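Data block below; observations after.
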Amino acid sequence: MLIFDLHTIGNKLLAIRKRMGMTQAEVAEAAGLSDRTYADIERGTVNMRTETILRICNVLHITPDEVLTEDSTSLTAQQAELWERLNACNPKDKETALLLLSVYLKSLD
C-alpha cells in the first residue's frame with residue numbers, strides 16, 4: 001500500500017539513515033540537498049519531487065518501495081496477535097468480541 005503521509009516517509013528515512021550510520025549532513029550532501037532541506041524531509045514538513053526521493057534512495061542504497069510503501073507484514077503480525085488474543089478468551093468474551101467485529105464490519109457497507 002502506498003504511503004502518502006510525509007511524516008511516515010520522513011520517519012522511515014530517519015530509521016534507514018540511522019541504520020546505515022549516516023548523518024543528515026552526509027545524506028544531504030550525497031543527494032545534492034541542503035542540510036536544512038533534508039532535515040525538513042525527515043521531519044515530514046516538506047514534499048519531495050520524484051527526483052529528490054530517487055536521489056535519497058540511491059544514497060541510502062534502498063529502493064523507493066522501502067520508503068513509499070507500507071509493510072504488509074506488520075499488518076499480518078497484528079492480525080496474528082489479535083487472533084491469538086481472541087483464542088485465549090473465554091467463550092463468552094470471544095462471542096462478544098466477534099459480535100462487535102461483525103457490527104463494525106457491517107457499518108462499513
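By convention here, the chains of the C-alpha cells are called A, B, ... in the order presented, each chain's residues are numbered starting at 1, and ligands are numbered starting at 1 in the order presented.
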
Original post:
Leaving out range 55-70 of chain A and any residue of its chain fewer than 2 positions from it, which residues lie within 7 Å of it when counting only C-alpha atoms, given as a list in words?
Top reply: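 Final neighbour list, sorted by chain and number: Met1, Leu2, Ile3, Ile9, Lys12, Leu13, Arg17, Val27, Ala30, Ala31, Glu51, Thr52, Ile53 and Ser72 of chain A.
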
**OP:** From a DSSP calculation on the backbone, collect every residue of range 4-99 of chain A in helix (DSSP H, G or I) and output the set as a ChimeraX atom specification.
**Re:** /A:6-20,24-31,35-43,50-60,64-68,72-87,91-99

**OP:** Take CA of Arg43 in chain A and CA of Gln78 in chain A and report the distance between them in Å, one decimal.
**Re:**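 Taking CA of Arg43 in chain A and CA of Gln78 in chain A, their separation equals 26.5 Å.
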
Original post:
Quick one: residues within 10 Å of Leu6 in chain A, only C-alpha atoms counted, chain neighbours fewer than 4 positions away excluded, as an MDAnalysis selection string?
Top reply: chainID A and resid 10:12 41:48 68

Those selected residues, please, written with C-alpha atoms and delivered as a PDB file, in the first residue's frame.
```pdb
ATOM      1  CA  GLY A  10      10.330  11.007   6.960  1.00  0.00           C
ATOM      2  CA  ASN A  11      10.382   8.576   9.892  1.00  0.00           C
ATOM      3  CA  LYS A  12      11.266   5.734   7.557  1.00  0.00           C
ATOM      4  CA  ILE A  41      12.179  15.905   4.658  1.00  0.00           C
ATOM      5  CA  GLU A  42      12.914  13.666   7.660  1.00  0.00           C
ATOM      6  CA  ARG A  43      10.584  15.791   9.813  1.00  0.00           C
ATOM      7  CA  GLY A  44       7.874  15.356   7.185  1.00  0.00           C
ATOM      8  CA  THR A  45       7.345  19.082   6.751  1.00  0.00           C
ATOM      9  CA  VAL A  46       8.232  19.304   3.077  1.00  0.00           C
ATOM     10  CA  ASN A  47       7.025  17.487  -0.017  1.00  0.00           C
ATOM     11  CA  MET A  48       9.650  15.987  -2.326  1.00  0.00           C
ATOM     12  CA  LEU A  68       6.916   4.862  -0.098  1.00  0.00           C
TER      13      LEU A  68
END
```
